[in-house]
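Scroll down for the structure; my scribbles are underneath it.
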Amino acid sequence: MTSPLSLFALLLIPVALWQRWIFTFIPNYNMQHLLFYVALPMLCWAWVRGLWSPRRAWARMAPLLPWVMLVMAVQAVAVWNSALSFPVEGMPAWRSVAVSLGKLAMQLPFIVFFMELCHLLMEHSTSRRNVVRGGIAGFVALCVLCLLQGVYAYGVGFGLATPEGMAWYGDMLRHIAAVLESRWGEAVHDFYGKGSYTLTIRRINGVFEEASALAVMLGVFFVPLGFGLMGLGGAEHRGVRRIGLAVVVSAAVLMVLALTSTGMVLALAVMGLLAAVLFQRHRRLGVAVLCATLACAVAIAVAVPRMPKYSRILVERMVLTNVDRLPRYVLGRELLRTATDHPVVGVGRGWSSPYVLERESYQAAAKKDKELSTWLAWGKLPILSALPELLAEYGVPLVLAAWVGLCLLWRRLRHLRDQAPDSAALSFASAFCGPWLVMLLVASLGSFDIRNPLIALPFYCMLALARGASRGGVKTARTEGTSP
């Protein structure tokens with residue numbers, strides 16, 4: 001009989017993939033997301049059954065408290081400086097600090113919640129296998145959705161059919177979107193009518209907001225998933241390794257077909273990683289993949305100017321001309337300048353907007369671009385360049401320390417794998433973590449949101465597996481055999 005824990009593990013990634021907001025009026029990212037309300041009863045059930053307890057959770061979280069207090073102290077200093085530089089009418093500086101730290105502290109219970117949830121799942125081999133199976137099932141479902149959209153987009157876009165002739169197909173897509181959709185309250189572009197830099201003309205929203213977000217999620221989650229499957233050794237996992245290779249290649253193809261500059265850059269990074277992995281096992285195959293990647297890049301560069309008129313917006317954003325006018329470039333440039341002016345503690349979480357918007361270079365660029373001018377009128381910037389924004393708001397030392405911690409996590413997983421080479425769980429995690437770090441770094445230069453479940457869950461799972469394996473010892477890991 002399938003236990004509720006195993007069933008939830010199977011549904012974890014598909015539910016996280018479904019970017020559904022159910023309480024948009026709540027000013028908390030995690031409480032808006034469907035995943036939290038699906039996971040909460042599961043953790044309560046585990047508590048009742050004795051599989052999880054607050055006491056054990058406190059024992060796991062206590063060593064992290066000094067680091068949390070350090071981050072809060074650094075943020076208090078940064079926000080205090082920003083509150084003095086940009087005073088809010090009717091609000092003293094100490095109150096601004098309290099509000100900012102309060103918002104930051106509100107995220108901590110949810111971080112602990114998902115860390116404990118992933119620790120619970122990683123304790124059981126059946127749950128670990130089901131998490132991977134759910135990830136593969138979610139990827140297949142995503143490919144089907146993209147195929148449905150691509151039939152319309154490329155059929156109409158390349159003149160194989162007329163919009164009138166495929167009106168019935170567009171209506172079908174709208175009905176599917178009604179189930180998956182979760183629209184933004186405010187947006188500069190009418191993504192739903194124009195389909196600007198998306199895979200389709202009649203697009204399905206709710207799974208991913210736009211094509212760049214689609215490319216990021218493919219790169220940060222599904223590409224490492226494929227490499228993790230490819231990292232499993234033994235003749236019994238030969239079929240699994242082929243599935244992993246298919247996931248990696250298919251994800252790269254979807255990134256290219258999404259027709260976004262973010263997807264193109266990430267696809268090149270994916271193929272570079274794939275060539276490196278294959279080169280270690282079969283040198284000729286690795287060289288062949290690298291040559292094929294370069295040939296495809298040249299072919300795309302030649303084909304872009306000949307794309308149909310329906311893709312003009314995409315072409316303008318993909319061609320490397322007038323880069324200095326692109327909103328993402330302007331925003332990243334100004335955020336890096338802000339980080340340079342405040343390198344030690346940053347400007348504080350949520351305080352980067354006034355620093356950027358007051359710059360003369362930004363205001364000059366806003367006169368030539370609708371997005372930049374709209375953000376200037378709103379007085380608030382979106383999250384477009386994650387790494388520059390993190391550097392500006394949290395400071396260089398804190399971001400660098402976080403990156404070093406992630407690299408140490410990868411080193412820890414590889415060390416445990418070397419001590420227990422028969423453990424499929426550690427083989428998968430160590431093969432997953434390396435590409436995950438690379439794609440995380442590349443994706444953080446573009447559209448990126450670190451709070452997204454598909455970005456945060458892999459970290460929680462790998463951390464839980466590393467801490468669980470270290471606590472249980474190598475002997476426990478060796479007894480797992482081939483169970484992922």
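Scheme for the structure tokens: letters A, B, ... for chains in order shown; per-chain residue numbers from 1; ligand numbers from 1 in order shown.
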Tell me, as number ranges by chain, which residues lie within 10 Å of Pro4 (chain A), counting only C-alpha atoms; anything in the same chain fewer than 6 positions away does not count.
A: 10, 42, 45-46
Requested write-out: N, CA and C atoms of the selected residues, as a JSON list (two decimals), in the first residue's frame:
[["chain", "number", "residue", "atom", "x", "y", "z"],
["A", 10, "LEU", "N", 5.94, 11.94, -4.79],
["A", 10, "LEU", "CA", 5.73, 11.85, -6.23],
["A", 10, "LEU", "C", 5.13, 13.13, -6.79],
["A", 42, "MET", "N", 0.89, 17.42, 5.05],
["A", 42, "MET", "CA", 1.82, 16.30, 5.02],
["A", 42, "MET", "C", 2.75, 16.31, 6.22],
["A", 45, "TRP", "N", 0.81, 15.33, 9.29],
["A", 45, "TRP", "CA", 0.61, 13.88, 9.31],
["A", 45, "TRP", "C", 1.87, 13.18, 9.80],
["A", 46, "ALA", "N", 3.03, 13.62, 9.33],
["A", 46, "ALA", "CA", 4.29, 13.01, 9.77],
["A", 46, "ALA", "C", 4.51, 13.24, 11.26]]
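The residue set within 8 Å of Val248 (chain A), counting only C-alpha atoms and dropping same-chain residues fewer than 2 places from it, reads A:Phe222, A:Val223, A:Pro224, A:Gly226, A:Phe227, A:Gly244, A:Leu245, A:Ala246, A:Ser250, A:Ala251, A:Ala252, A:Val270, A:Leu274.
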Tell me, as number ranges by chain, which residues lie within 10 Å of Glu123 (chain A), counting only C-alpha atoms; anything in the same chain fewer than 2 positions away does not count.
A: 51, 118-121, 125-128, 464-465, 468-469
Region 14-82 of chain A residues near region 393-403 of chain A within 10 Å, closest pair each, using only C-alpha atoms, as JSON lines:
{"residue": "A:Leu70", "atom": "CA", "partner": "A:Leu398", "partner_atom": "CA", "distance": 9.7}
{"residue": "A:Val71", "atom": "CA", "partner": "A:Leu398", "partner_atom": "CA", "distance": 7.9}
{"residue": "A:Val74", "atom": "CA", "partner": "A:Tyr394", "partner_atom": "CA", "distance": 8.0}
{"residue": "A:Gln75", "atom": "CA", "partner": "A:Tyr394", "partner_atom": "CA", "distance": 7.0}
{"residue": "A:Ala78", "atom": "CA", "partner": "A:Tyr394", "partner_atom": "CA", "distance": 8.1}
{"residue": "A:Val79", "atom": "CA", "partner": "A:Glu393", "partner_atom": "CA", "distance": 9.2}
With distances taken over only C-alpha atoms, the candidate from A:Ala288, A:Val97, A:Val38, A:Val442 nearest Ala267 (chain A) is A:Val442
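With only C-alpha atoms as the atoms that count, the minimum distance from Arg417 (chain A) to the choices A:Pro66, A:Thr340, A:His33, A:Gly231 is reached by A:Gly231.
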Selection: 9 Å around Val240 (chain A), only C-alpha atoms, excl. self and same-chain fewer than 5 positions, as a list in words
Leu229, Met230, Leu232 and Leu245 of chain A
Selected residue of minimal separation from Val265 (chain A) among A:Tyr37, A:Ile136, A:Thr293, A:Val48, counting only C-alpha atoms
A:Thr293
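As for CA of Cys433 (chain A) and CA of Leu409 (chain A), they are spaced 8.3 Å apart.
Among the candidate residues A:Ala366, A:Leu390, A:Val298, A:Cys143, the one lying nearest to Pro343 (chain A) is A:Leu390, with distances computed using only C-alpha atoms.
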Could you tell me which of A:Leu101, A:Ala73, A:Ala424, A:Ala83 comes closest to His237 (chain A) if we count only C-alpha atoms?
A:Ala424
Apply DSSP to the backbone of this structure and, from region 296-436 of chain A, keep only the residues in helix (DSSP H, G or I); write these as an NGL selection string.
:A and (296-306 or 309-318 or 323-325 or 327-341 or 352-357 or 360-366 or 370-378 or 386-394 or 396-419 or 424-436)
